[in-house]
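First up is the structure itself, then whatever we jot down about it.
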There are 4 protein chains.
Amino acid sequence: MSQTSVQTKYDRAQLKNLYNEVRAFSEKLCQPLEIEDYVVQSIEDVSPPKWHIGHTTWFFEQVVLCQFAKDYQPYRKDFFFVFNSYYETFGERVERQLRGTLSRPTVKDVYEYRHEIDQRMMRLFDNVSDKDWNEFSRLVEIGLNHEQQHQELFVTDIKYNFAMNPLHPAYTELSKGKKAAMLPLPEAKFVEFEGGLIDIGAAAGKFAYDNETPRHQALVHDFKIMDRLVTCGEFLEFVEDGAYSNADLWLSDAWALLAERKWDRPLYWHKLDDGWQIMTLGGMRPLNKNEPVSHVSFYEAAAYARWAGKRLPTEFEWEKAATEKANSIESGNFVDDGFLHPVPLNDQSSVLKQMHGDVWEWTASAYLPYPGYSPEPGALGEYNGKFMSDQMVLRGGSCATSRSHIRTTYRNFFQCDKRWQFTGFRLAE
Amino acid sequence: MSQTSVQTKYDRAQLKNLYNEVRAFSEKLCQPLEIEDYVVQSIEDVSPPKWHIGHTTWFFEQVVLCQFAKDYQPYRKDFFFVFNSYYETFGERVERQLRGTLSRPTVKDVYEYRHEIDQRMMRLFDNVSDKDWNEFSRLVEIGLNHEQQHQELFVTDIKYNFAMNPLHPAYTELSKGKKAAMLPLPEAKFVEFEGGLIDIGAAAGKFAYDNETPRHQALVHDFKIMDRLVTCGEFLEFVEDGAYSNADLWLSDAWALLAERKWDRPLYWHKLDDGWQIMTLGGMRPLNKNEPVSHVSFYEAAAYARWAGKRLPTEFEWEKAATEKANSIESGNFVDDGFLHPVPLNDQSSVLKQMHGDVWEWTASAYLPYPGYSPEPGALGEYNGKFMSDQMVLRGGSCATSRSHIRTTYRNFFQCDKRWQFTGFRLAE
Amino acid sequence: MSQTSVQTKYDRAQLKNLYNEVRAFSEKLCQPLEIEDYVVQSIEDVSPPKWHIGHTTWFFEQVVLCQFAKDYQPYRKDFFFVFNSYYETFGERVERQLRGTLSRPTVKDVYEYRHEIDQRMMRLFDNVSDKDWNEFSRLVEIGLNHEQQHQELFVTDIKYNFAMNPLHPAYTELSKGKKAAMLPLPEAKFVEFEGGLIDIGAAAGKFAYDNETPRHQALVHDFKIMDRLVTCGEFLEFVEDGAYSNADLWLSDAWALLAERKWDRPLYWHKLDDGWQIMTLGGMRPLNKNEPVSHVSFYEAAAYARWAGKRLPTEFEWEKAATEKANSIESGNFVDDGFLHPVPLNDQSSVLKQMHGDVWEWTASAYLPYPGYSPEPGALGEYNGKFMSDQMVLRGGSCATSRSHIRTTYRNFFQCDKRWQFTGFRLAE
Amino acid sequence: MSQTSVQTKYDRAQLKNLYNEVRAFSEKLCQPLEIEDYVVQSIEDVSPPKWHIGHTTWFFEQVVLCQFAKDYQPYRKDFFFVFNSYYETFGERVERQLRGTLSRPTVKDVYEYRHEIDQRMMRLFDNVSDKDWNEFSRLVEIGLNHEQQHQELFVTDIKYNFAMNPLHPAYTELSKGKKAAMLPLPEAKFVEFEGGLIDIGAAAGKFAYDNETPRHQALVHDFKIMDRLVTCGEFLEFVEDGAYSNADLWLSDAWALLAERKWDRPLYWHKLDDGWQIMTLGGMRPLNKNEPVSHVSFYEAAAYARWAGKRLPTEFEWEKAATEKANSIESGNFVDDGFLHPVPLNDQSSVLKQMHGDVWEWTASAYLPYPGYSPEPGALGEYNGKFMSDQMVLRGGSCATSRSHIRTTYRNFFQCDKRWQFTGFRLAE
């Protein structure tokens, strides 16, 4: 979270605009919701939408206003308790799994809080001293990136809540893209890269999370990487080959988990009388074999790779490949595009397709600090560093990520068993 | 649930009125709610208000309309799944602890369902054949009693949800009654009753649940029973005497539970800097020593009795005493009175005070079938009989019970550790 | 545990003899064991044999020697911690479920402890003053009854440990009795009893546990009771009728338990390729349809009764029937007889057969205090009274009970789900 | 587990000798045990000693004899079930946490099994064909390495079992070494290494586990590493500085674990009235500040490093440092030396001390496959590869490891929360 740097690149008007854009997008995402949808939390991993709306607001109040607004009077002290997520520095908070048991503050209360904080921020944009501007703008930028992350969680949490509901409601109509469906899909190719010493991580001068820094040299060996994502059709072969009951393919922890959770397919897949269906943000629909498989855990990605006689790429291989031959971020399928679902391959503009967008790609790399990394002291040091155990790195962003949020060096991370994000993979060898 | 009997006492107009009254009262109880309040479920024991509203409606659809309306078309088939509670006969249902994870159907959807079923019922009241009237009216009467039970649960569930919320919202302003507060409270007296053979249970000819039948002879020995309920002030002495850490006073299961749940006071009691406060449906307020203690488990009632050198009355002693010398149901503090909280003793009209109303009274009797009892076959046989293990009987109704719902022979039942109902006790010896 | 008072009936020589007999029987039961068998505890309910050997010894040291031996020096202070069971009065102790994790003290250590305490007891028998004799002999008698209860637990715990072992070892060769096997079994008859006021409980003047007192009047209604126990053959019909998957037959808690524990037959029944086998203390052997069913829970007994259109007898009905028309204790199948298994009916000496011995019989009565009961103060008050919640009464003793331990008024008690004791039932109506 | 191939270096006599030596050492380790000690399992992580004795024997029967002995007749088929650990390939097995509930087979049975298998192996050493020799000897070598790993587990499991026993028995008298105790300890120095491309992993031609292969190039950056292990005295400062209640120092998962398990010190540390004591294999003794800290988890090592403003070394840094400047394996404190405890620094023969022996050293590296790694197909492929998720690498061996078992390239691995092995650490920067 501590940026590598430096000179903020924003002037007051620019940053204000950016603030308003990002903040508005959160509210736009809420438009399809009924009030009831704001309240529920179907498992501990997900949070109620109104909590996201409040928590992203709390961040600006706690981290920015409390520090820079003169004689700051908190909006409501108990909101500090209700809307803190996991920052030990900021004190006690509602236990995570209880967020969905709070009917109050109401949605209206939360929006009032949000809008009041927005106004206070607007005033602060104008009033903050030049001396403070650098630090202020740095924290605002972090707050906006933080909000974009919660926008992605918002989308995936809603999907999970609706998928667990026996009525299987749709969040919204998925825009376009549903078309391409069953066009012939080209066979995957493995593109070769030569090994050597490469530069990894975010360069100074642009915003990046602390976990992408410092930029440093790394060694990669010769490798090949698949030129597109593994599809639902391919993964279906794995399912139908009995892979979920073949112990040889699975990591030991994975095998125990399969038994415990009775997994035998990706999350959101249903086998109905008339064939495979998947739950999407647009409701239930038939499985499209050509679209990238999503909502698989690291364990399933690794088992698939073993079944296919391949492996997953390391995060360094992925970053090298993405830097040199991938589709542009501009061309990727992000939340801005409104599909809200991975789409079948329809882009021939690059050697490596679907690297940016569609689904987060599991890598073979554990989420660990880069050489020379140190988290900044204080609350924001809790942002990334304290999660550096027992998680794997994912790369590339998904159809629920904001385009302006992603970078080729971006490191996302989740535990091996997590599936509620848009998570897929490609193979390497 | 199978009545002891027979000849329905209602004509069509009467029963229709009763139906409309009871159904309207459920909606009246909802008036203070925000939409968000309808959705949450803070622990498995409680249900979301909108589930109560839907489930009581489902009962009429599933049990009455499906049987008596010609060529009945279900309102929505998936509502049978969403709104069944525990009736194995009626098939699968949402797992109890997940009721609070469903944002859909919305509150509006549920009310539309409710009102449509009400209209169908109105038509059926007019159309049901004379031949079917007896069975129809019997089931409607059960359905209304069922709904009254859910009205009580609605009140206690809301209280629990709000009490768990760190903002401690109030459900409504508690009407009057808050006054009497600190008037001097008379010392409790123990009223003597002579033992002998007595008649226990509901007589034929009036509505009663099957668990109150058959009426039968029972033997009670000479006993004395306290002329009022144990108060908060008295229970506070027990708390302050260190009773919660004195193993001698507790049943073995209770002692294990105290350690596990870290109980050291009744539910809803808070010790703040400025003294004891309790959470009520009107929000937090100072502990009133004169009001009956409530929200204690059987375990706590039994431990208090041992501490006081007394015991709890059996349900037969209670019923004999209530029949002979208790306050009238008319004089009791029930939900109809709007206090929504037990009130300090202010009635001298009877020898035994507060027997009907204020709080359910734990007895020393396990919840078991009366001699000759058998549950009726089919779904309604699941109503009472299948819970006859590991529960204790409570008598007399509470400030959350409808006056028209209670009877002196009424047997309520909960597990020894439950505290979220308005449950208190009086002593015997 | 507080006797119904009275003059002790033993002189010094008699009680010494009794002490030696009972103590010797514990060791006799251990003869078939390997050292390893003394150590294990396969579930929390059971205890390691060496713990039983030590705990019964501890009881005499803690309750008798510490009180009556002059200037008593504990054998080893840490044994007070290791061998206390559940007496809060006597302080901290090893958590129950960890008893099987202690390899030390060794078996040899425990026997040395046992024999030293026996010698100290022998000396105390000679030295205790006449003044103390009454209280001393009362406590010794309790200690011996306590040891007999642990002898029964020892037998059933060994059975459980061996049954859970994949090698299914035999504890010993079951003596005789295996013969009678498949002789024709007479159809069960229901014997009528007339209701009325009867005396229940232990009379003064003879040893009894406090939970059998005070003797008091109770009312029973007319009833019929089965003249023998329900057999394995009859229970097999219930199993094969699909009863374990028919929700209608089960109490609500039972139904949840079946799902959780995947029960579909009594404990120790195995369906192998060549038919039903049951695990006995003599190892695996074919199911004998004529022997009484055993190792069923209260839930299963109650479900069977409902399936058969009958019910279980109350403990008062059972006691009346046992007093008037049952087989004698002398004729019953007890641990002294060495069968260590319930035997098929082979006794025509009484109207009601198998009432005493073979298996403990579940009754329809909750384990609650008799009118006027109060536990004695202090440690021995923990013996029975503190378990008076959420348990059911069983009557009659089993093939693992000592003949001299049982009485017609004896009240055993277990939770509804327990099956590792020799527990069966007969029906009533 | 698949070696890096190559010609076996053993002739028949040599390998037979090696077999007899390693097998004899297992029995030597058992000499201090009572029969009871062989049976218990105090937590799921540890196994009963007799299970280790049986399981290491089973390995030779299942993996070697079944494959190479002609017309092989299993010793006892049910032992395949009882003594399999986690090999899915070899079928069902006793659930791990139930190993301590099996009193049979007895210790005598297990030794008979062991000795019979040893005799069969001796015959097979003579009879196996030249053609099979290579594969046979490869598997025997693996079996012996496998047995050495279980010898280490045996030692640490016994320690855990005894430490959990309230009597705190000693396993044996710790030999010598207890002396050096409180001599002045030199301040730690940080030794510099220059970064660059280095060769990592086991070279072909010598035995190594598959997880150490293939040997490959890796990049390390400039680093410094501590010249000795962190001591108990240093760790005590961390404890006394309140580190266990300072959230800033801990990984997120670690912080949750501290709360759940109430950790506030290393395993086996006790704070008694007369100061800090630690439980050792020789029983309780005062904490020696100069000995290396042991029985800390990765979480505690990482928190200490953060507290000290340093970090843990990566496994590549460790391997480079160990290759270039570490004490020799010969000079390390291993199980062969009989100390059975880490000893204070007393060796000046190398720049980096205590790298080999004393305690396993946590590294900052996740346990993941080396580039080009693939597990061999079949059962032995389960040996290492399937554990490559959510574990961290440890290096260097401990006072419970056999000297002949360790290599500088050896990769041990445990979950972040494990503490029952001799696990310590040194710092890097």
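Identifiers in the structure tokens: chain A, B, ... in order shown; residue index from 1 per chain; ligand index from 1 in order shown.
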
Please check the contacts: residues of chain C at most 6 Å away from chain B, using only C-alpha atoms, listed as a list of chain:residue names.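 The contacting residues on chain C are C:Leu219, C:Leu251, C:Ser252, C:Lys386, C:Phe387, C:Asp390.
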
Expected file: the selected residues, all heavy atoms, as a short mmCIF file (atom, residue, chain, number, x, y, z; two decimals), in the first residue's frame:
```cif
data_model
loop_
_atom_site.label_atom_id
_atom_site.label_comp_id
_atom_site.auth_asym_id
_atom_site.auth_seq_id
_atom_site.Cartn_x
_atom_site.Cartn_y
_atom_site.Cartn_z
N LEU C 219 -49.69 -41.76 41.28
CA LEU C 219 -50.89 -42.27 40.62
C LEU C 219 -50.50 -42.91 39.30
O LEU C 219 -49.79 -42.30 38.50
CB LEU C 219 -51.85 -41.09 40.35
CG LEU C 219 -53.12 -41.42 39.57
CD1 LEU C 219 -54.07 -42.28 40.41
CD2 LEU C 219 -53.83 -40.14 39.14
N LEU C 251 -38.87 -38.57 16.97
CA LEU C 251 -38.84 -37.27 17.61
C LEU C 251 -37.98 -36.33 16.77
O LEU C 251 -37.08 -36.77 16.06
CB LEU C 251 -38.27 -37.39 19.02
CG LEU C 251 -39.23 -38.05 20.02
CD1 LEU C 251 -38.48 -38.62 21.22
CD2 LEU C 251 -40.26 -37.02 20.49
N SER C 252 -38.25 -35.05 16.87
CA SER C 252 -37.55 -34.07 16.05
C SER C 252 -36.03 -34.12 16.28
O SER C 252 -35.24 -34.14 15.34
CB SER C 252 -38.10 -32.68 16.37
OG SER C 252 -37.45 -31.71 15.62
N LYS C 386 -27.28 -33.57 40.29
CA LYS C 386 -26.90 -32.56 39.30
C LYS C 386 -27.09 -33.03 37.87
O LYS C 386 -26.87 -32.28 36.93
CB LYS C 386 -25.48 -32.05 39.56
CG LYS C 386 -24.35 -32.93 39.13
CD LYS C 386 -23.02 -32.19 39.39
CE LYS C 386 -21.83 -33.01 38.96
NZ LYS C 386 -20.57 -32.33 39.23
N PHE C 387 -27.50 -34.28 37.72
CA PHE C 387 -27.75 -34.79 36.37
C PHE C 387 -29.23 -34.78 35.99
O PHE C 387 -29.62 -35.35 34.99
CB PHE C 387 -27.16 -36.19 36.24
CG PHE C 387 -25.68 -36.20 36.49
CD1 PHE C 387 -25.15 -36.74 37.64
CD2 PHE C 387 -24.82 -35.62 35.58
CE1 PHE C 387 -23.78 -36.71 37.89
CE2 PHE C 387 -23.45 -35.58 35.81
CZ PHE C 387 -22.93 -36.13 36.98
N ASP C 390 -32.55 -33.34 31.05
CA ASP C 390 -32.27 -33.90 29.72
C ASP C 390 -31.79 -35.35 29.75
O ASP C 390 -30.96 -35.74 28.92
CB ASP C 390 -31.25 -33.04 28.98
CG ASP C 390 -31.84 -31.69 28.59
OD1 ASP C 390 -33.06 -31.53 28.68
OD2 ASP C 390 -31.07 -30.81 28.17
#
```

- Message: List the spatial neighbours of Asp347 of chain C as a list in words - criterion: any atom at most 12 Å away, only C-alpha atoms, same-chain residues fewer than 3 positions off excluded.
- Response: Ala180, Leu185, Pro186, Asp227, Arg228, Ala326, Asn327, Ser328, Glu330, Ser331, Gly332, Asn333, Val343, Pro344, Ser350, Val351, Leu352, Lys353, Gln354, Met355 and His356 of chain C

Quick one: distance from atom CA of His168 of chain D to atom CA of Met284 of chain D in Å, one decimal?
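Those two atoms sit 7.2 Å apart.
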
Practice item. Considering only C-alpha atoms, state which residue in the set A:Asp210, A:Arg104, A:Glu237, A:Asp37 is at the smallest distance from Tyr171 of chain B. Key: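 Residue with the minimum atom-to-atom distance to Tyr171 of chain B: A:Arg104.
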
**OP:** Using atom CA of Asp417 of chain C and atom CA of Ala303 of chain B as the two end points, give the distance in Å to one decimal.
**Re:**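 That distance, rounded to one decimal, is 25.4 Å.
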
*asked:* Neighbouring residues of Glu116 of chain D were defined as those with any atom within 9 Å, considering only C-alpha atoms; residues of the same chain fewer than 5 positions away were excluded. Please report them as a PyMOL selection string.
replied: chain D and resi 75+111+121

Those same residues, written as a PDB file, in the first residue's frame with N, CA, C and O atoms?
```
ATOM      1  N   TYR D  75       1.649 -60.813   5.781  1.00  0.00           N
ATOM      2  CA  TYR D  75       1.745 -61.239   7.174  1.00  0.00           C
ATOM      3  C   TYR D  75       0.353 -61.271   7.800  1.00  0.00           C
ATOM      4  O   TYR D  75      -0.077 -62.273   8.350  1.00  0.00           O
ATOM      5  N   TYR D 111       5.923 -56.009  17.511  1.00  0.00           N
ATOM      6  CA  TYR D 111       7.328 -56.422  17.412  1.00  0.00           C
ATOM      7  C   TYR D 111       7.454 -57.758  16.676  1.00  0.00           C
ATOM      8  O   TYR D 111       8.387 -57.961  15.900  1.00  0.00           O
ATOM      9  N   MET D 121      12.885 -59.716   4.839  1.00  0.00           N
ATOM     10  CA  MET D 121      13.738 -58.782   4.103  1.00  0.00           C
ATOM     11  C   MET D 121      15.154 -59.358   3.968  1.00  0.00           C
ATOM     12  O   MET D 121      15.778 -59.258   2.906  1.00  0.00           O
TER      13      MET D 121
END
```

query = Can you list every residue in segment 205-330 of chain B that DSSP puts in helix (DSSP H, G or I), as a ChimeraX atom specification?
reply = /B:210-212,232-240,243-245,247-249,252-261,298-307,315-325

Save out the residues we just selected, N, CA and C atoms, as a short mmCIF file (atom, residue, chain, number, x, y, z; two decimals), in the first residue's frame.
```
data_model
loop_
_atom_site.label_atom_id
_atom_site.label_comp_id
_atom_site.auth_asym_id
_atom_site.auth_seq_id
_atom_site.Cartn_x
_atom_site.Cartn_y
_atom_site.Cartn_z
N ASP B 210 -53.19 -30.42 20.99
CA ASP B 210 -53.26 -31.83 21.36
C ASP B 210 -52.41 -32.14 22.59
N ASN B 211 -51.36 -31.37 22.81
CA ASN B 211 -50.48 -31.69 23.94
C ASN B 211 -51.12 -31.38 25.30
N GLU B 212 -52.27 -30.71 25.29
CA GLU B 212 -52.98 -30.43 26.55
C GLU B 212 -54.01 -31.53 26.85
N CYS B 232 -36.37 -8.75 39.18
CA CYS B 232 -35.00 -8.41 38.80
C CYS B 232 -34.14 -8.10 40.03
N GLY B 233 -34.74 -7.42 40.98
CA GLY B 233 -33.99 -7.08 42.18
C GLY B 233 -33.55 -8.32 42.93
N GLU B 234 -34.46 -9.28 43.05
CA GLU B 234 -34.10 -10.52 43.73
C GLU B 234 -33.05 -11.29 42.95
N PHE B 235 -33.21 -11.29 41.64
CA PHE B 235 -32.24 -12.04 40.83
C PHE B 235 -30.87 -11.37 40.87
N LEU B 236 -30.89 -10.04 40.99
CA LEU B 236 -29.62 -9.32 41.09
C LEU B 236 -28.83 -9.74 42.34
N GLU B 237 -29.54 -9.99 43.42
CA GLU B 237 -28.85 -10.49 44.63
C GLU B 237 -28.12 -11.80 44.35
N PHE B 238 -28.81 -12.66 43.61
CA PHE B 238 -28.23 -13.95 43.21
C PHE B 238 -26.97 -13.73 42.38
N VAL B 239 -27.07 -12.82 41.42
CA VAL B 239 -25.91 -12.49 40.58
C VAL B 239 -24.77 -11.96 41.43
N GLU B 240 -25.11 -11.04 42.31
CA GLU B 240 -24.06 -10.38 43.08
C GLU B 240 -23.52 -11.25 44.21
N ALA B 243 -23.29 -16.30 42.38
CA ALA B 243 -23.93 -17.58 42.07
C ALA B 243 -23.46 -18.19 40.76
N TYR B 244 -23.15 -17.35 39.79
CA TYR B 244 -22.73 -17.89 38.49
C TYR B 244 -21.36 -18.55 38.54
N SER B 245 -20.65 -18.38 39.63
CA SER B 245 -19.38 -19.11 39.72
C SER B 245 -19.36 -20.10 40.88
N ALA B 247 -20.34 -23.72 41.61
CA ALA B 247 -20.75 -24.97 40.94
C ALA B 247 -21.85 -25.71 41.68
N ASP B 248 -21.87 -25.59 43.00
CA ASP B 248 -22.87 -26.32 43.80
C ASP B 248 -24.30 -26.06 43.38
N LEU B 249 -24.55 -24.87 42.82
CA LEU B 249 -25.93 -24.47 42.56
C LEU B 249 -26.47 -24.98 41.24
N SER B 252 -25.39 -30.19 36.17
CA SER B 252 -24.13 -30.48 35.51
C SER B 252 -24.07 -29.89 34.10
N ASP B 253 -25.12 -30.09 33.32
CA ASP B 253 -25.15 -29.53 31.96
C ASP B 253 -25.09 -28.00 31.99
N ALA B 254 -25.73 -27.42 32.98
CA ALA B 254 -25.75 -25.98 33.11
C ALA B 254 -24.35 -25.44 33.37
N TRP B 255 -23.65 -26.11 34.25
CA TRP B 255 -22.31 -25.67 34.62
C TRP B 255 -21.37 -25.68 33.42
N ALA B 256 -21.48 -26.71 32.60
CA ALA B 256 -20.68 -26.78 31.37
C ALA B 256 -21.04 -25.64 30.43
N LEU B 257 -22.34 -25.34 30.37
CA LEU B 257 -22.81 -24.29 29.48
C LEU B 257 -22.33 -22.91 29.92
N LEU B 258 -22.36 -22.67 31.20
CA LEU B 258 -21.89 -21.37 31.72
C LEU B 258 -20.46 -21.12 31.25
N ALA B 259 -19.64 -22.16 31.33
CA ALA B 259 -18.25 -22.01 30.93
C ALA B 259 -18.14 -21.75 29.44
N GLU B 260 -18.91 -22.49 28.68
CA GLU B 260 -18.83 -22.39 27.22
C GLU B 260 -19.32 -21.03 26.73
N ARG B 261 -20.44 -20.57 27.28
CA ARG B 261 -21.04 -19.33 26.78
C ARG B 261 -20.69 -18.11 27.62
N PHE B 298 -34.03 -22.13 31.90
CA PHE B 298 -34.42 -23.07 32.95
C PHE B 298 -33.26 -23.28 33.91
N TYR B 299 -32.06 -23.38 33.36
CA TYR B 299 -30.90 -23.63 34.21
C TYR B 299 -30.74 -22.55 35.27
N GLU B 300 -30.94 -21.31 34.85
CA GLU B 300 -30.79 -20.20 35.80
C GLU B 300 -31.93 -20.18 36.81
N ALA B 301 -33.13 -20.51 36.34
CA ALA B 301 -34.26 -20.57 37.27
C ALA B 301 -34.02 -21.65 38.31
N ALA B 302 -33.52 -22.81 37.87
CA ALA B 302 -33.29 -23.92 38.79
C ALA B 302 -32.17 -23.59 39.77
N ALA B 303 -31.13 -22.92 39.28
CA ALA B 303 -30.02 -22.56 40.16
C ALA B 303 -30.47 -21.53 41.20
N TYR B 304 -31.29 -20.58 40.74
CA TYR B 304 -31.80 -19.59 41.69
C TYR B 304 -32.62 -20.28 42.78
N ALA B 305 -33.46 -21.22 42.37
CA ALA B 305 -34.30 -21.93 43.33
C ALA B 305 -33.43 -22.66 44.35
N ARG B 306 -32.37 -23.30 43.87
CA ARG B 306 -31.50 -24.02 44.81
C ARG B 306 -30.81 -23.03 45.76
N TRP B 307 -30.40 -21.91 45.21
CA TRP B 307 -29.75 -20.87 46.01
C TRP B 307 -30.69 -20.37 47.10
N GLU B 315 -45.68 -28.64 36.67
CA GLU B 315 -46.74 -28.03 35.86
C GLU B 315 -48.12 -28.35 36.42
N PHE B 316 -48.24 -29.47 37.16
CA PHE B 316 -49.55 -29.81 37.73
C PHE B 316 -49.85 -28.90 38.93
N GLU B 317 -48.84 -28.67 39.74
CA GLU B 317 -49.03 -27.71 40.83
C GLU B 317 -49.42 -26.34 40.27
N TRP B 318 -48.69 -25.94 39.23
CA TRP B 318 -48.98 -24.63 38.65
C TRP B 318 -50.42 -24.57 38.15
N GLU B 319 -50.84 -25.64 37.47
CA GLU B 319 -52.18 -25.63 36.87
C GLU B 319 -53.27 -25.64 37.96
N LYS B 320 -53.02 -26.41 39.01
CA LYS B 320 -53.98 -26.41 40.13
C LYS B 320 -54.07 -25.00 40.75
N ALA B 321 -52.90 -24.44 41.02
CA ALA B 321 -52.87 -23.12 41.65
C ALA B 321 -53.52 -22.07 40.74
N ALA B 322 -53.23 -22.16 39.45
CA ALA B 322 -53.76 -21.18 38.51
C ALA B 322 -55.27 -21.30 38.39
N THR B 323 -55.75 -22.52 38.46
CA THR B 323 -57.19 -22.74 38.35
C THR B 323 -57.94 -22.19 39.56
N GLU B 324 -57.28 -22.27 40.72
CA GLU B 324 -58.00 -21.94 41.95
C GLU B 324 -57.82 -20.51 42.44
N LYS B 325 -56.62 -19.96 42.28
CA LYS B 325 -56.40 -18.68 42.97
C LYS B 325 -55.62 -17.62 42.18
#
```
